[in-house]
file work38.cif (mmCIF, C-alpha atoms and all ligand atoms)
data_coords
#
loop_
_atom_site.group_PDB
_atom_site.id
_atom_site.type_symbol
_atom_site.label_atom_id
_atom_site.label_comp_id
_atom_site.auth_asym_id
_atom_site.auth_seq_id
_atom_site.Cartn_x
_atom_site.Cartn_y
_atom_site.Cartn_z
ATOM 1 C CA MET A 24 -4.740 13.566 0.870
ATOM 2 C CA TYR A 25 -7.190 15.043 3.378
ATOM 3 C CA TYR A 26 -10.919 15.521 3.005
ATOM 4 C CA GLY A 27 -13.363 17.881 4.654
ATOM 5 C CA GLU A 28 -16.651 16.048 4.256
ATOM 6 C CA ILE A 29 -18.480 13.088 2.780
ATOM 7 C CA LYS A 30 -22.136 13.747 1.951
ATOM 8 C CA LYS A 31 -23.983 10.468 2.112
ATOM 9 C CA VAL A 32 -27.026 11.688 0.190
ATOM 10 C CA ASP A 33 -26.390 14.668 -2.089
ATOM 11 C CA ILE A 34 -28.846 15.931 -4.719
ATOM 12 C CA ALA A 35 -27.027 19.197 -5.556
ATOM 13 C CA ASN A 36 -23.782 18.100 -7.228
ATOM 14 C CA GLY A 37 -24.829 15.985 -10.193
ATOM 15 C CA PRO A 38 -27.925 14.157 -11.375
ATOM 16 C CA GLY A 39 -29.901 11.918 -9.074
ATOM 17 C CA THR A 40 -28.952 11.007 -5.543
ATOM 18 C CA ARG A 41 -25.208 10.832 -5.024
ATOM 19 C CA VAL A 42 -22.390 10.383 -2.551
ATOM 20 C CA SER A 43 -20.075 13.425 -2.542
ATOM 21 C CA LEU A 44 -16.484 13.646 -1.379
ATOM 22 C CA PHE A 45 -15.006 17.088 -0.624
ATOM 23 C CA VAL A 46 -11.210 16.801 -0.807
ATOM 24 C CA SER A 47 -8.931 19.363 0.836
ATOM 25 C CA GLY A 48 -6.443 21.703 -0.797
ATOM 26 C CA CYS A 49 -6.883 24.397 -3.433
ATOM 27 C CA ARG A 50 -4.396 27.036 -4.561
ATOM 28 C CA ARG A 51 -6.746 28.893 -6.870
ATOM 29 C CA HIS A 52 -8.414 31.020 -4.178
ATOM 30 C CA CYS A 53 -11.325 32.288 -6.268
ATOM 31 C CA LYS A 54 -13.014 35.430 -4.936
ATOM 32 C CA ASP A 55 -16.158 34.465 -2.967
ATOM 33 C CA CYS A 56 -15.286 30.743 -3.082
ATOM 34 C CA PHE A 57 -18.165 28.759 -1.539
ATOM 35 C CA ASN A 58 -15.810 26.491 0.367
ATOM 36 C CA ALA A 59 -12.721 28.495 1.365
ATOM 37 C CA GLU A 60 -11.969 26.397 4.459
ATOM 38 C CA THR A 61 -10.998 23.574 2.099
ATOM 39 C CA TRP A 62 -8.090 25.575 0.596
ATOM 40 C CA ASP A 63 -5.911 24.177 3.383
ATOM 41 C CA PHE A 64 -4.381 20.858 2.260
ATOM 42 C CA SER A 65 -4.625 19.467 5.795
ATOM 43 C CA PHE A 66 -8.226 20.551 6.456
ATOM 44 C CA GLY A 67 -10.433 17.821 7.881
ATOM 45 C CA GLU A 68 -9.433 14.168 8.149
ATOM 46 C CA PRO A 69 -6.766 12.067 6.465
ATOM 47 C CA PHE A 70 -8.155 10.080 3.557
ATOM 48 C CA THR A 71 -7.361 6.456 4.409
ATOM 49 C CA ALA A 72 -8.139 2.944 3.201
ATOM 50 C CA GLN A 73 -11.026 2.981 5.692
ATOM 51 C CA THR A 74 -12.391 6.158 4.101
ATOM 52 C CA GLU A 75 -12.304 4.434 0.721
ATOM 53 C CA GLN A 76 -14.173 1.443 2.099
ATOM 54 C CA GLU A 77 -16.771 3.732 3.650
ATOM 55 C CA ILE A 78 -17.378 5.464 0.306
ATOM 56 C CA LEU A 79 -17.704 2.114 -1.470
ATOM 57 C CA ARG A 80 -20.216 1.028 1.163
ATOM 58 C CA LEU A 81 -22.220 4.259 0.833
ATOM 59 C CA LEU A 82 -22.396 3.801 -2.939
ATOM 60 C CA ALA A 83 -23.955 0.334 -2.705
ATOM 61 C CA PRO A 84 -27.720 1.149 -2.457
ATOM 62 C CA GLY A 85 -29.628 1.102 -5.721
ATOM 63 C CA TYR A 86 -30.968 4.640 -5.154
ATOM 64 C CA ILE A 87 -27.423 6.074 -5.231
ATOM 65 C CA HIS A 88 -26.642 7.105 -8.810
ATOM 66 C CA GLY A 89 -22.944 7.700 -8.365
ATOM 67 C CA LEU A 90 -20.044 9.534 -6.799
ATOM 68 C CA THR A 91 -19.136 13.213 -7.073
ATOM 69 C CA VAL A 92 -15.655 14.449 -6.126
ATOM 70 C CA LEU A 93 -15.191 18.150 -5.403
ATOM 71 C CA GLY A 94 -13.369 20.300 -2.919
ATOM 72 C CA GLY A 95 -11.060 21.949 -2.564
ATOM 73 C CA GLU A 96 -9.445 20.843 -5.793
ATOM 74 C CA PRO A 97 -9.362 17.186 -6.852
ATOM 75 C CA PHE A 98 -6.870 18.094 -9.609
ATOM 76 C CA GLU A 99 -4.236 19.559 -7.301
ATOM 77 C CA LEU A 100 -1.233 17.382 -8.073
ATOM 78 C CA GLU A 101 -0.983 16.177 -4.465
ATOM 79 C CA ASN A 102 -4.572 14.910 -4.637
ATOM 80 C CA GLN A 103 -4.640 13.231 -8.026
ATOM 81 C CA PRO A 104 -3.043 9.872 -7.059
ATOM 82 C CA ALA A 105 -5.475 9.269 -4.182
ATOM 83 C CA VAL A 106 -8.483 10.416 -6.226
ATOM 84 C CA LEU A 107 -7.416 8.130 -9.076
ATOM 85 C CA ALA A 108 -7.053 5.121 -6.764
ATOM 86 C CA LEU A 109 -10.528 5.751 -5.347
ATOM 87 C CA LEU A 110 -12.165 6.196 -8.745
ATOM 88 C CA LYS A 111 -10.639 2.972 -10.063
ATOM 89 C CA LYS A 112 -12.125 1.073 -7.140
ATOM 90 C CA VAL A 113 -15.513 2.735 -7.661
ATOM 91 C CA ARG A 114 -15.399 1.874 -11.369
ATOM 92 C CA ALA A 115 -14.569 -1.762 -10.621
ATOM 93 C CA ALA A 116 -17.254 -2.144 -7.952
ATOM 94 C CA TYR A 117 -20.015 -0.140 -9.631
ATOM 95 C CA PRO A 118 -19.504 -0.007 -13.406
ATOM 96 C CA HIS A 119 -23.010 1.371 -14.000
ATOM 97 C CA LYS A 120 -22.827 4.268 -11.522
ATOM 98 C CA THR A 121 -21.580 7.626 -12.725
ATOM 99 C CA ILE A 122 -18.537 9.581 -11.580
ATOM 100 C CA TRP A 123 -18.660 13.382 -11.592
ATOM 101 C CA CYS A 124 -15.738 15.618 -10.685
ATOM 102 C CA PHE A 125 -15.523 19.384 -10.157
ATOM 103 C CA THR A 126 -12.348 21.340 -10.867
ATOM 104 C CA GLY A 127 -11.391 25.007 -10.845
ATOM 105 C CA ASN A 128 -9.008 24.278 -13.699
ATOM 106 C CA VAL A 129 -9.903 24.824 -17.335
ATOM 107 C CA LEU A 130 -9.656 21.466 -19.116
ATOM 108 C CA GLU A 131 -7.703 22.504 -22.209
ATOM 109 C CA GLU A 132 -5.380 25.029 -20.547
ATOM 110 C CA ASP A 133 -4.639 23.581 -17.124
ATOM 111 C CA ILE A 134 -5.260 19.831 -17.396
ATOM 112 C CA LEU A 135 -4.594 18.728 -20.989
ATOM 113 C CA ALA A 136 -1.831 21.181 -21.965
ATOM 114 C CA GLU A 137 1.743 20.141 -21.197
ATOM 115 C CA GLY A 138 2.963 22.143 -18.196
ATOM 116 C CA GLY A 139 -0.581 22.901 -17.002
ATOM 117 C CA CYS A 140 -0.981 23.322 -13.238
ATOM 118 C CA GLY A 141 -3.403 20.397 -13.098
ATOM 119 C CA ARG A 142 -1.334 17.972 -15.153
ATOM 120 C CA CYS A 143 0.949 15.170 -13.933
ATOM 121 C CA ALA A 144 1.786 11.551 -14.770
ATOM 122 C CA VAL A 145 -1.602 10.185 -13.613
ATOM 123 C CA THR A 146 -3.856 12.884 -15.087
ATOM 124 C CA ASP A 147 -4.841 11.113 -18.310
ATOM 125 C CA ASP A 148 -5.753 7.988 -16.353
ATOM 126 C CA LEU A 149 -7.772 10.122 -13.936
ATOM 127 C CA LEU A 150 -9.692 11.760 -16.789
ATOM 128 C CA ARG A 151 -10.549 8.331 -18.205
ATOM 129 C CA GLN A 152 -12.339 7.380 -14.970
ATOM 130 C CA ILE A 153 -14.578 10.475 -14.987
ATOM 131 C CA ASP A 154 -17.950 10.590 -16.749
ATOM 132 C CA VAL A 155 -18.567 14.306 -16.284
ATOM 133 C CA LEU A 156 -16.111 17.080 -15.431
ATOM 134 C CA VAL A 157 -17.425 20.464 -14.302
ATOM 135 C CA ASP A 158 -14.517 22.779 -15.082
ATOM 136 C CA GLY A 159 -13.391 26.361 -14.590
ATOM 137 C CA PRO A 160 -12.867 28.652 -11.623
ATOM 138 C CA PHE A 161 -15.743 30.312 -9.819
ATOM 139 C CA VAL A 162 -15.920 33.878 -11.179
ATOM 140 C CA ALA A 163 -17.919 36.064 -8.808
ATOM 141 C CA GLU A 164 -18.777 38.582 -11.571
ATOM 142 C CA GLN A 165 -20.357 35.753 -13.607
ATOM 143 C CA ARG A 166 -22.263 34.236 -10.719
ATOM 144 C CA ASN A 167 -25.701 32.948 -11.687
ATOM 145 C CA VAL A 168 -27.804 31.180 -9.081
ATOM 146 C CA SER A 169 -30.129 29.705 -11.706
ATOM 147 C CA LEU A 170 -27.393 27.523 -13.221
ATOM 148 C CA ARG A 171 -27.644 23.828 -12.530
ATOM 149 C CA PHE A 172 -24.586 22.144 -10.981
ATOM 150 C CA ARG A 173 -22.347 25.222 -11.356
ATOM 151 C CA GLY A 174 -21.975 28.624 -9.822
ATOM 152 C CA SER A 175 -20.796 30.941 -12.590
ATOM 153 C CA GLU A 176 -21.450 31.297 -16.335
ATOM 154 C CA ASN A 177 -17.872 30.469 -17.372
ATOM 155 C CA GLN A 178 -17.996 26.982 -15.898
ATOM 156 C CA ARG A 179 -18.771 24.080 -18.215
ATOM 157 C CA ILE A 180 -20.350 20.658 -17.676
ATOM 158 C CA ILE A 181 -18.226 18.423 -19.895
ATOM 159 C CA ASP A 182 -19.018 14.898 -21.062
ATOM 160 C CA MET A 183 -15.533 13.444 -20.556
ATOM 161 C CA LYS A 184 -16.018 10.119 -22.360
ATOM 162 C CA THR A 185 -17.246 11.825 -25.523
ATOM 163 C CA THR A 186 -14.651 14.577 -25.164
ATOM 164 C CA LEU A 187 -11.733 12.136 -25.008
ATOM 165 C CA ARG A 188 -13.032 10.348 -28.109
ATOM 166 C CA ALA A 189 -13.686 13.580 -30.007
ATOM 167 C CA GLY A 190 -10.467 15.370 -29.002
ATOM 168 C CA SER A 191 -12.269 18.570 -28.009
ATOM 169 C CA ALA A 192 -14.709 19.510 -25.273
ATOM 170 C CA VAL A 193 -18.255 18.194 -25.696
ATOM 171 C CA LEU A 194 -20.824 19.480 -23.223
ATOM 172 C CA TRP A 195 -22.877 17.043 -21.164
ATOM 173 C CA GLU A 196 -26.575 16.748 -21.911
ATOM 174 C CA GLU A 197 -28.981 15.089 -19.554
ATOM 175 C CA THR A 198 -30.543 11.993 -21.160
HETATM 176 S S1 LIG A 201 -11.399 26.276 -7.448
HETATM 177 FE FE1 LIG A 201 -13.213 25.774 -6.193
HETATM 178 S S2 LIG A 201 -12.425 25.376 -4.113
HETATM 179 FE FE2 LIG A 201 -10.786 26.396 -5.266
HETATM 180 S S3 LIG A 201 -11.019 28.584 -4.743
HETATM 181 FE FE3 LIG A 201 -12.162 28.233 -6.651
HETATM 182 S S4 LIG A 201 -14.272 27.763 -6.032
HETATM 183 FE FE4 LIG A 201 -12.954 27.554 -4.205
#

call {"tool": "encode", "arguments": {"input": "work38.cif", "output": "structure tokens"}}
result
Amino acid sequence: MYYGEIKKVDIANGPGTRVSLFVSGCRRHCKDCFNAETWDFSFGEPFTAQTEQEILRLLAPGYIHGLTVLGGEPFELENQPAVLALLKKVRAAYPHKTIWCFTGNVLEEDILAEGGCGRCAVTDDLLRQIDVLVDGPFVAEQRNVSLRFRGSENQRIIDMKTTLRAGSAVLWEET
């Protein structure tokens, strides 16, 4: 996997102050994508064991609420194993920090359904590591700049833990 950027202090992609990882590679090619340079799977730098260690180090301060993974597309099948390995390490090191992930896939159609473009052998494990999944492609015609943590009306902020228990999508609510 490659990544384009690590934001050390990000207040735009989830609640509180977060570390954000922008992975490379996305085949969806939404019109007016905010981050089209990351469509290329080899954009940026290789994601290595040192990159993982750097993210774990950046997450250590008490004022960092958690990690957000976005892109590009974290659920591209090439990216899922490396994202999963990272999230497991984050979970083990910081069980009380939250993990958010953004995907252009629709949870039920592309990730949970057999044969979906975002589904492979590690997907269920990956979903179990994520607290909140912001799903759905960016749809330029539904763009709304007043939305928090998402760009277009069709996108959802999903509470993954509750969703996996309930068996259908439950939206996240800030507590
Ligand atoms: S899914 Fe995200 S990164 Fe991919 S084209 Fe759409 S907005 Fe851009």

call {"tool": "atom_distance", "arguments": {"input": "work38.cif", "atom1": "CA of Leu90 in chain A", "atom2": "CA of Ser169 in chain A"}}
result
23.1 Å

call {"tool": "residues_near_ligand", "arguments": {"input": "work38.cif", "ligand": "ligand LIG 201 (chain A)", "cutoff": "12 Å", "atoms": "only C-alpha atoms and all ligand atoms", "output": "ChimeraX atom specification"}}
result
/A:27,45-64,92-99,124-129,141,157-163,166,173-175,178

call {"tool": "resolve_selection", "arguments": {"input": "work38.cif", "expression": "the PyMOL selection byres (((chain A and resi 116) around 12) and not hetatm)", "output": "compact mmCIF listing (two decimals) with C-alpha atoms, keeping the file's coordinate frame"}}
result
# COMPACT_ATOMS: atom_id res chain seq x y z
CA GLU A 75 -12.30 4.43 0.72
CA GLN A 76 -14.17 1.44 2.10
CA ILE A 78 -17.38 5.46 0.31
CA LEU A 79 -17.70 2.11 -1.47
CA ARG A 80 -20.22 1.03 1.16
CA LEU A 81 -22.22 4.26 0.83
CA LEU A 82 -22.40 3.80 -2.94
CA ALA A 83 -23.96 0.33 -2.70
CA GLY A 89 -22.94 7.70 -8.36
CA LEU A 109 -10.53 5.75 -5.35
CA LEU A 110 -12.16 6.20 -8.74
CA LYS A 111 -10.64 2.97 -10.06
CA LYS A 112 -12.12 1.07 -7.14
CA VAL A 113 -15.51 2.74 -7.66
CA ARG A 114 -15.40 1.87 -11.37
CA ALA A 115 -14.57 -1.76 -10.62
CA TYR A 117 -20.02 -0.14 -9.63
CA PRO A 118 -19.50 -0.01 -13.41
CA HIS A 119 -23.01 1.37 -14.00
CA LYS A 120 -22.83 4.27 -11.52
CA THR A 121 -21.58 7.63 -12.72

call {"tool": "closest_residue", "arguments": {"input": "work38.cif", "among": "A:Ala108, A:Leu44, A:Val32, A:Leu100", "to": "His88 in chain A", "atoms": "all atoms listed in the file"}}
result
A:Val32

call {"tool": "residues_around", "arguments": {"input": "work38.cif", "residues": "Ser191 in chain A", "least_positions_apart": "2", "cutoff": "12 Å", "atoms": "all atoms listed in the file", "output": "list in words"}}
result
Leu130, Glu131, Leu135, Ile181, Asp182, Met183, Lys184, Thr185, Thr186, Leu187, Arg188, Ala189, Val193 and Leu194 of chain A

call {"tool": "atom_distance", "arguments": {"input": "work38.cif", "atom1": "CA of Gly67 in chain A", "atom2": "CA of Ile29 in chain A"}}
result
10.6 Å

call {"tool": "decode", "arguments": {"input": "work38.cif", "residues": "range 57-73 of chain A", "atoms": "all heavy atoms", "output": "tab-separated table (two decimals), in the first residue's frame"}}
result
chain	number	residue	atom	x	y	z
A	57	PHE	N	-12.49	15.41	-4.13
A	57	PHE	CA	-11.65	16.41	-3.45
A	57	PHE	C	-10.18	16.01	-3.45
A	57	PHE	O	-9.32	16.81	-3.09
A	57	PHE	CB	-12.14	16.58	-2.00
A	57	PHE	CG	-11.79	15.44	-1.09
A	57	PHE	CD1	-10.86	15.58	-0.08
A	57	PHE	CD2	-12.38	14.20	-1.28
A	57	PHE	CE1	-10.53	14.51	0.75
A	57	PHE	CE2	-12.06	13.12	-0.47
A	57	PHE	CZ	-11.14	13.30	0.55
A	58	ASN	N	-9.88	14.78	-3.85
A	58	ASN	CA	-8.53	14.28	-3.63
A	58	ASN	C	-8.10	13.37	-4.80
A	58	ASN	O	-7.59	12.28	-4.58
A	58	ASN	CB	-8.53	13.47	-2.32
A	58	ASN	CG	-7.28	13.68	-1.52
A	58	ASN	OD1	-6.38	14.43	-1.94
A	58	ASN	ND2	-7.20	13.02	-0.38
A	59	ALA	N	-8.31	13.86	-6.03
A	59	ALA	CA	-8.13	13.00	-7.20
A	59	ALA	C	-6.69	12.50	-7.39
A	59	ALA	O	-6.48	11.45	-8.00
A	59	ALA	CB	-8.59	13.73	-8.46
A	60	GLU	N	-5.71	13.21	-6.86
A	60	GLU	CA	-4.33	12.72	-7.02
A	60	GLU	C	-4.13	11.39	-6.31
A	60	GLU	O	-3.23	10.63	-6.64
A	60	GLU	CB	-3.30	13.76	-6.53
A	60	GLU	CG	-3.27	14.04	-5.06
A	60	GLU	CD	-4.23	15.13	-4.62
A	60	GLU	OE1	-5.17	15.45	-5.39
A	60	GLU	OE2	-4.05	15.65	-3.51
A	61	THR	N	-4.99	11.07	-5.35
A	61	THR	CA	-4.83	9.81	-4.62
A	61	THR	C	-5.48	8.62	-5.33
A	61	THR	O	-5.47	7.52	-4.80
A	61	THR	CB	-5.41	9.92	-3.19
A	61	THR	OG1	-6.83	10.03	-3.29
A	61	THR	CG2	-4.85	11.10	-2.44
A	62	TRP	N	-6.05	8.83	-6.53
A	62	TRP	CA	-6.60	7.68	-7.27
A	62	TRP	C	-5.51	6.69	-7.66
A	62	TRP	O	-5.73	5.50	-7.78
A	62	TRP	CB	-7.30	8.16	-8.55
A	62	TRP	CG	-8.53	8.99	-8.31
A	62	TRP	CD1	-9.14	9.24	-7.10
A	62	TRP	CD2	-9.30	9.67	-9.30
A	62	TRP	NE1	-10.23	10.05	-7.29
A	62	TRP	CE2	-10.36	10.32	-8.63
A	62	TRP	CE3	-9.20	9.80	-10.68
A	62	TRP	CZ2	-11.31	11.08	-9.29
A	62	TRP	CZ3	-10.15	10.56	-11.36
A	62	TRP	CH2	-11.20	11.20	-10.67
A	63	ASP	N	-4.32	7.23	-7.89
A	63	ASP	CA	-3.17	6.41	-8.31
A	63	ASP	C	-2.70	5.55	-7.12
A	63	ASP	O	-2.38	6.09	-6.06
A	63	ASP	CB	-2.06	7.37	-8.76
A	63	ASP	CG	-0.80	6.66	-9.21
A	63	ASP	OD1	-0.70	5.43	-9.02
A	63	ASP	OD2	0.09	7.35	-9.74
A	64	PHE	N	-2.65	4.24	-7.33
A	64	PHE	CA	-2.28	3.32	-6.24
A	64	PHE	C	-0.82	3.51	-5.80
A	64	PHE	O	-0.46	3.03	-4.74
A	64	PHE	CB	-2.53	1.87	-6.66
A	64	PHE	CG	-3.97	1.47	-6.50
A	64	PHE	CD1	-4.92	1.86	-7.44
A	64	PHE	CD2	-4.39	0.71	-5.42
A	64	PHE	CE1	-6.25	1.49	-7.30
A	64	PHE	CE2	-5.72	0.35	-5.26
A	64	PHE	CZ	-6.65	0.75	-6.21
A	65	SER	N	0.01	4.13	-6.61
A	65	SER	CA	1.39	4.33	-6.19
A	65	SER	C	1.69	5.81	-5.91
A	65	SER	O	2.84	6.24	-5.94
A	65	SER	CB	2.36	3.77	-7.23
A	65	SER	OG	2.08	4.27	-8.50
A	66	PHE	N	0.66	6.58	-5.61
A	66	PHE	CA	0.84	7.99	-5.25
A	66	PHE	C	1.48	8.08	-3.86
A	66	PHE	O	1.08	7.38	-2.93
A	66	PHE	CB	-0.51	8.70	-5.26
A	66	PHE	CG	-0.46	10.12	-4.76
A	66	PHE	CD1	0.10	11.13	-5.53
A	66	PHE	CD2	-0.95	10.44	-3.50
A	66	PHE	CE1	0.16	12.44	-5.07
A	66	PHE	CE2	-0.91	11.75	-3.03
A	66	PHE	CZ	-0.35	12.75	-3.82
A	67	GLY	N	2.43	8.95	-3.71
A	67	GLY	CA	3.02	9.21	-2.40
A	67	GLY	C	4.13	8.27	-2.03
A	67	GLY	O	4.99	7.96	-2.86
A	68	GLU	N	4.10	7.77	-0.80
A	68	GLU	CA	5.18	6.96	-0.24
A	68	GLU	C	4.69	5.55	0.06
A	68	GLU	O	3.51	5.37	0.39
A	68	GLU	CB	5.64	7.57	1.10
A	68	GLU	CG	6.02	9.02	1.04
A	68	GLU	CD	7.36	9.20	0.37
A	68	GLU	OE1	8.21	8.30	0.49
A	68	GLU	OE2	7.54	10.24	-0.30
A	69	PRO	N	5.60	4.57	0.01
A	69	PRO	CA	5.20	3.23	0.45
A	69	PRO	C	4.86	3.24	1.94
A	69	PRO	O	5.53	3.91	2.72
A	69	PRO	CB	6.45	2.37	0.19
A	69	PRO	CG	7.35	3.19	-0.64
A	69	PRO	CD	6.99	4.64	-0.43
A	70	PHE	N	3.83	2.50	2.28
A	70	PHE	CA	3.43	2.38	3.69
A	70	PHE	C	4.22	1.23	4.30
A	70	PHE	O	4.04	0.08	3.94
A	70	PHE	CB	1.92	2.11	3.77
A	70	PHE	CG	1.38	2.15	5.17
A	70	PHE	CD1	0.99	3.34	5.74
A	70	PHE	CD2	1.29	0.98	5.92
A	70	PHE	CE1	0.50	3.38	7.03
A	70	PHE	CE2	0.80	1.02	7.21
A	70	PHE	CZ	0.40	2.21	7.77
A	71	THR	N	5.11	1.54	5.22
A	71	THR	CA	6.05	0.55	5.75
A	71	THR	C	5.83	0.34	7.26
A	71	THR	O	5.02	1.03	7.89
A	71	THR	CB	7.49	1.03	5.55
A	71	THR	OG1	7.68	2.21	6.35
A	71	THR	CG2	7.79	1.34	4.09
A	72	ALA	N	6.62	-0.56	7.81
A	72	ALA	CA	6.58	-0.77	9.27
A	72	ALA	C	6.96	0.52	10.00
A	72	ALA	O	6.41	0.83	11.07
A	72	ALA	CB	7.55	-1.90	9.65
A	73	GLN	N	7.84	1.31	9.40
A	73	GLN	CA	8.23	2.58	10.02
A	73	GLN	C	7.04	3.56	10.01
A	73	GLN	O	6.84	4.33	10.95
A	73	GLN	CB	9.41	3.22	9.29
A	73	GLN	CG	10.76	2.54	9.55
A	73	GLN	CD	10.88	1.17	8.92
A	73	GLN	OE1	10.31	0.91	7.86
A	73	GLN	NE2	11.61	0.28	9.56
